[in-house]
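Step one of this worksheet: look at the structure below.
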2 protein chains.
Amino acid sequence: MPKLGMEPLRRRALVAATIAEIGAVGSLEVTVSNIARRAGVSSALAHHYFGSKDKLFLAAMRAVLTDFGAEVRAALRGVRDPRQRLSAIVRVSFSETSFRPEVIAAWLNFYVHAQNSDETQRLLRLYQARLHTNLMHALRPLAGPRADTIARTTAALIDGLYIRQALRDPAPDARRAVQLVTDYLDDALAASAPLPERTPA
Amino acid sequence: MPKLGMEPLRRRALVAATIAEIGAVGSLEVTVSNIARRAGVSSALAHHYFGSKDKLFLAAMRAVLTDFGAEVRAALRGVRDPRQRLSAIVRVSFSETSFRPEVIAAWLNFYVHAQNSDETQRLLRLYQARLHTNLMHALRPLAGPRADTIARTTAALIDGLYIRQALRDPAPDARRAVQLVTDYLDDALAASAPLPERTPA
DNA sequence: TTCTTAATTGACTCGTCAATCAATAACCGA
DNA sequence: TCGGTTATTGATTGACGAGTCAATTAAGAA
């Protein structure tokens, strides 16, 4: 039944299956066979298109990063107010698409994989750098010299909330996560405001 | 050369070797043989004393948690002032013994392993609960109703800083990590202080 | 129609590794 | 010194899994 032009379809399906399988198994100890089965093809085909298990992992990771990047860009488009740009970044970080158990598990495992794969490490650093840039862009006008510290703290906080969700049984609590980061930003920005205007209770 | 009373020695050596090996390899895809070699014994002996690879992992994890718990308790002993208790907890979190590349890698991998091992999950939750309790104890007098939020944020921040160190090539930067958490706490506590006394710049 | 190329797979190879086991060595108490 | 126990390992088994390959099917081109 070989139809032509299957390649992009298969690639997409295999990448999605990889993420799903990593999420289901909870580690990178997944078999190419199982991933392929999930995608409805043979393991040989997975090797045919991706060459190796590692390349398949990399492709999956790039997909996650690309999706996230696109979502951030979309959320930022048109938003000019710095504080609202911050909110948008935070919101997307815990959005429906990014903050799902499978994707969270994938992230966690990408961090592990980065210990051995230079390319994975590179991609993760790229993500971190982009996030930092986005945060700085919004923070500089709000926090001046403290922007860098706040940006790093925010990024670490987001990562920490991710890793902690990896332990929860039920669906991850995105609302709570957004709330925590938002609260943090409020405090940090209040403390950095050029003109303090906080009114005592 | 069989000397008697080797068991505790071997167990300790194997546990240490497990952490070292996980740190060196960067994942749980380590072989019992390599761990055993590192400990200077045969793989058969590792199985003899621990029964299975999984039990060995669990033992390693318990060791890390026990060390950490002991260090926290020691650092807290005698310190009464809440703010100083907070500092002590933060300091220990990034102390010489806990914040080493191998131990960081081990932590990261324990989180992964928790996805499949109920016992690992239980241990990790136990650690989180203890940390939360310690933080709350110190935060309640300082932040009142906001204590819970601040405690959760602090915990997530610590975890996030850990995971981020897993990507850095050189020695992890403990000083910077402590600084970030401390800065956060200062802001958060300033915002929660019953009587704001911040003086404008 | 015939040739080429894309799509696809079952079967196979080759390693690796956890776990087991039987065997050996030395210590100890009776 | 003898039997029991502890320490220890080399060799082996059995399973599993990544990657390869030759073979099959069909679609489009010539």
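Starting from 1 in every chain, residues are counted up; chains themselves are A, B, ... following the order of the structure tokens, and ligands are numbered from 1 as listed.
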Please return as a PyMOL selection string: the residues of region 3-117 of chain B that backbone DSSP assigns to alpha helix (DSSP H).
chain B and resi 7-25+32-39+43-50+53-76+82-93+101-113
Neighbouring residues of DC21 (chain C) were defined as those with any atom within 12 Å, considering only C-alpha atoms (C1' of nucleotides); residues of the same chain fewer than 4 positions away were excluded. Please report them as a PyMOL selection string.
(chain B and resi 44+48) or (chain D and resi 9-13)
Residues of chain C that approach chain B to 9 Å or less, counting only C-alpha atoms (C1' of nucleotides): could you list each one with the shortest pair of atoms and its distance in Å to one decimal, rows by chain and increasing residue number, as CSV?
residue,atom,partner,partner_atom,distance
C:DC17,C1',B:Thr31,CA,7.1
C:DA18,C1',B:Lys53,CA,7.8
C:DA19,C1',B:His47,CA,7.8
C:DT20,C1',B:Ala44,CA,9.0
C:DA25,C1',B:Met1,CA,7.0
C:DA26,C1',B:Pro2,CA,5.6
C:DC27,C1',B:Lys3,CA,7.0
Got time to write the residues from that selection, N, CA and C atoms (P, O5', C5', C4', C3', O3' and C1' of nucleotides), as an mmCIF file, in the first residue's frame?
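Okay, this is what ended up in selection15.cif:
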data_model
loop_
_atom_site.group_PDB
_atom_site.id
_atom_site.type_symbol
_atom_site.label_atom_id
_atom_site.label_comp_id
_atom_site.auth_asym_id
_atom_site.auth_seq_id
_atom_site.Cartn_x
_atom_site.Cartn_y
_atom_site.Cartn_z
ATOM 1 P P DC C 17 26.342 -2.968 28.947
ATOM 2 O "O5'" DC C 17 25.326 -3.656 29.951
ATOM 3 C "C5'" DC C 17 23.926 -3.669 29.612
ATOM 4 C "C4'" DC C 17 23.189 -4.633 30.496
ATOM 5 C "C3'" DC C 17 23.826 -4.834 31.874
ATOM 6 O "O3'" DC C 17 22.779 -4.797 32.817
ATOM 7 C "C1'" DC C 17 23.471 -6.914 30.854
ATOM 8 P P DA C 18 23.061 -4.329 34.324
ATOM 9 O "O5'" DA C 18 21.924 -5.130 35.091
ATOM 10 C "C5'" DA C 18 20.594 -5.034 34.621
ATOM 11 C "C4'" DA C 18 19.852 -6.307 34.948
ATOM 12 C "C3'" DA C 18 19.928 -6.736 36.400
ATOM 13 O "O3'" DA C 18 18.651 -7.219 36.793
ATOM 14 C "C1'" DA C 18 20.799 -8.457 35.027
ATOM 15 P P DA C 19 18.327 -7.417 38.365
ATOM 16 O "O5'" DA C 19 18.590 -8.980 38.491
ATOM 17 C "C5'" DA C 19 17.897 -9.847 37.607
ATOM 18 C "C4'" DA C 19 18.458 -11.249 37.717
ATOM 19 C "C3'" DA C 19 18.759 -11.727 39.145
ATOM 20 O "O3'" DA C 19 18.018 -12.918 39.370
ATOM 21 C "C1'" DA C 19 20.549 -12.236 37.677
ATOM 22 P P DT C 20 18.162 -13.697 40.753
ATOM 23 O "O5'" DT C 20 19.026 -14.962 40.327
ATOM 24 C "C5'" DT C 20 18.740 -15.587 39.091
ATOM 25 C "C4'" DT C 20 19.637 -16.796 38.902
ATOM 26 C "C3'" DT C 20 19.915 -17.605 40.173
ATOM 27 O "O3'" DT C 20 19.750 -18.985 39.849
ATOM 28 C "C1'" DT C 20 21.952 -16.994 39.147
ATOM 29 P P DA C 25 40.830 -22.336 46.642
ATOM 30 O "O5'" DA C 25 40.961 -21.154 47.690
ATOM 31 C "C5'" DA C 25 40.559 -19.820 47.340
ATOM 32 C "C4'" DA C 25 40.259 -19.051 48.607
ATOM 33 C "C3'" DA C 25 41.092 -19.481 49.821
ATOM 34 O "O3'" DA C 25 41.611 -18.310 50.418
ATOM 35 C "C1'" DA C 25 38.780 -19.492 50.357
ATOM 36 P P DA C 26 42.861 -18.379 51.362
ATOM 37 O "O5'" DA C 26 42.196 -18.017 52.762
ATOM 38 C "C5'" DA C 26 41.753 -16.674 52.975
ATOM 39 C "C4'" DA C 26 40.738 -16.682 54.086
ATOM 40 C "C3'" DA C 26 41.301 -17.122 55.453
ATOM 41 O "O3'" DA C 26 40.850 -16.202 56.412
ATOM 42 C "C1'" DA C 26 39.314 -18.235 55.001
ATOM 43 P P DC C 27 41.909 -15.452 57.375
ATOM 44 O "O5'" DC C 27 41.066 -15.387 58.724
ATOM 45 C "C5'" DC C 27 39.904 -14.563 58.762
ATOM 46 C "C4'" DC C 27 38.739 -15.310 59.372
ATOM 47 C "C3'" DC C 27 38.977 -15.797 60.794
ATOM 48 O "O3'" DC C 27 38.438 -14.857 61.719
ATOM 49 C "C1'" DC C 27 37.643 -17.319 59.485
#
Should the cut-off be 8 Å, what would the residue list for chain D against chain B look like, counting only C-alpha atoms (C1' of nucleotides), as a ChimeraX atom specification?
/D:6-9
How about saving the chosen residues, N, CA and C atoms (P, O5', C5', C4', C3', O3' and C1' of nucleotides) kept, as a short mmCIF file (atom, residue, chain, number, x, y, z; two decimals), in the first residue's frame?
data_model
loop_
_atom_site.label_atom_id
_atom_site.label_comp_id
_atom_site.auth_asym_id
_atom_site.auth_seq_id
_atom_site.Cartn_x
_atom_site.Cartn_y
_atom_site.Cartn_z
P DT D 6 26.59 -16.34 58.41
"O5'" DT D 6 27.84 -15.61 57.75
"C5'" DT D 6 28.88 -15.11 58.58
"C4'" DT D 6 29.98 -14.59 57.69
"C3'" DT D 6 29.51 -13.64 56.59
"O3'" DT D 6 30.37 -12.51 56.56
"C1'" DT D 6 30.76 -15.40 55.64
P DA D 7 30.19 -11.33 55.54
"O5'" DA D 7 31.24 -11.73 54.41
"C5'" DA D 7 32.58 -11.94 54.78
"C4'" DA D 7 33.43 -12.15 53.54
"C3'" DA D 7 33.08 -11.21 52.38
"O3'" DA D 7 34.30 -10.71 51.86
"C1'" DA D 7 32.98 -13.47 51.66
P DT D 8 34.24 -9.58 50.74
"O5'" DT D 8 34.28 -10.43 49.43
"C5'" DT D 8 35.39 -11.30 49.22
"C4'" DT D 8 35.15 -12.16 48.01
"C3'" DT D 8 34.51 -11.45 46.82
"O3'" DT D 8 35.54 -10.96 45.97
"C1'" DT D 8 33.80 -13.72 47.07
P DT D 9 35.16 -10.14 44.64
"O5'" DT D 9 35.14 -11.34 43.58
"C5'" DT D 9 36.22 -12.25 43.56
"C4'" DT D 9 35.89 -13.40 42.65
"C3'" DT D 9 35.43 -12.98 41.25
"O3'" DT D 9 36.28 -13.60 40.30
"C1'" DT D 9 33.99 -14.63 42.15
#
Set the distance at 7 Å and use only C-alpha atoms (C1' of nucleotides): which residues neighbour region 110-117 of chain B once local chain neighbours fewer than 3 positions away are removed? I'd like the list as a VMD selection string.
(chain A and resid 26 to 27) or (chain B and resid 106 to 107 120 to 121)
What would the file look like if the residues just selected were written as a CSV table (one decimal), in the first residue's frame with C-alpha atoms?
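File selection-v1.csv, as written:
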chain,number,residue,atom,x,y,z
A,26,GLY,CA,8.7,7.9,32.3
A,27,SER,CA,12.2,7.5,31.1
B,106,ALA,CA,21.8,11.6,41.1
B,107,TRP,CA,19.0,13.8,42.2
B,120,THR,CA,11.5,6.2,45.0
B,121,GLN,CA,8.4,8.4,44.7
Can you pull out the residues contacting DT24 (chain D)? Cut-off 10 Å, using only C-alpha atoms (C1' of nucleotides), and skip same-chain residues under 2 positions away; I want them as JSON, numbers by chain.
{"C": [8, 9], "D": [22, 26]}
The distance between CA of Ser95 (chain B) and CA of Pro8 (chain B) is 26.4 Å
Within 7 Å of chain B, which residues of chain A show up when using only C-alpha atoms, listed as a ChimeraX atom specification?
/A:26-27,112,115-116,121,149,153,156-157,159-161,167,180,187-188,191,196,200
Please list as an mmCIF file with C-alpha atoms, in the first residue's frame every residue within 8 Å of Val90 (chain A), counting only C-alpha atoms (C1' of nucleotides) and excluding residues in the same chain fewer than 3 positions away.
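Everything below was put into around_11.cif:
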data_model
loop_
_atom_site.group_PDB
_atom_site.id
_atom_site.type_symbol
_atom_site.label_atom_id
_atom_site.label_comp_id
_atom_site.auth_asym_id
_atom_site.auth_seq_id
_atom_site.Cartn_x
_atom_site.Cartn_y
_atom_site.Cartn_z
ATOM 1 C CA LEU A 86 6.102 38.814 31.535
ATOM 2 C CA SER A 87 2.671 37.434 32.238
ATOM 3 C CA SER A 93 5.267 28.175 30.239
ATOM 4 C CA PHE A 94 2.383 26.452 31.930
ATOM 5 C CA VAL A 178 1.281 30.502 37.330
ATOM 6 C CA VAL A 181 5.501 32.770 39.620
ATOM 7 C CA THR A 182 3.231 35.774 39.376
#
Selection: 10 Å around DA29 (chain D), only C-alpha atoms (C1' of nucleotides), excl. self and same-chain fewer than 5 positions, as a VMD selection string
chain C and resid 3 to 5
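The spacing separating CA of Arg80 (chain B) from CA of Asp148 (chain B) amounts to 19.9 Å.
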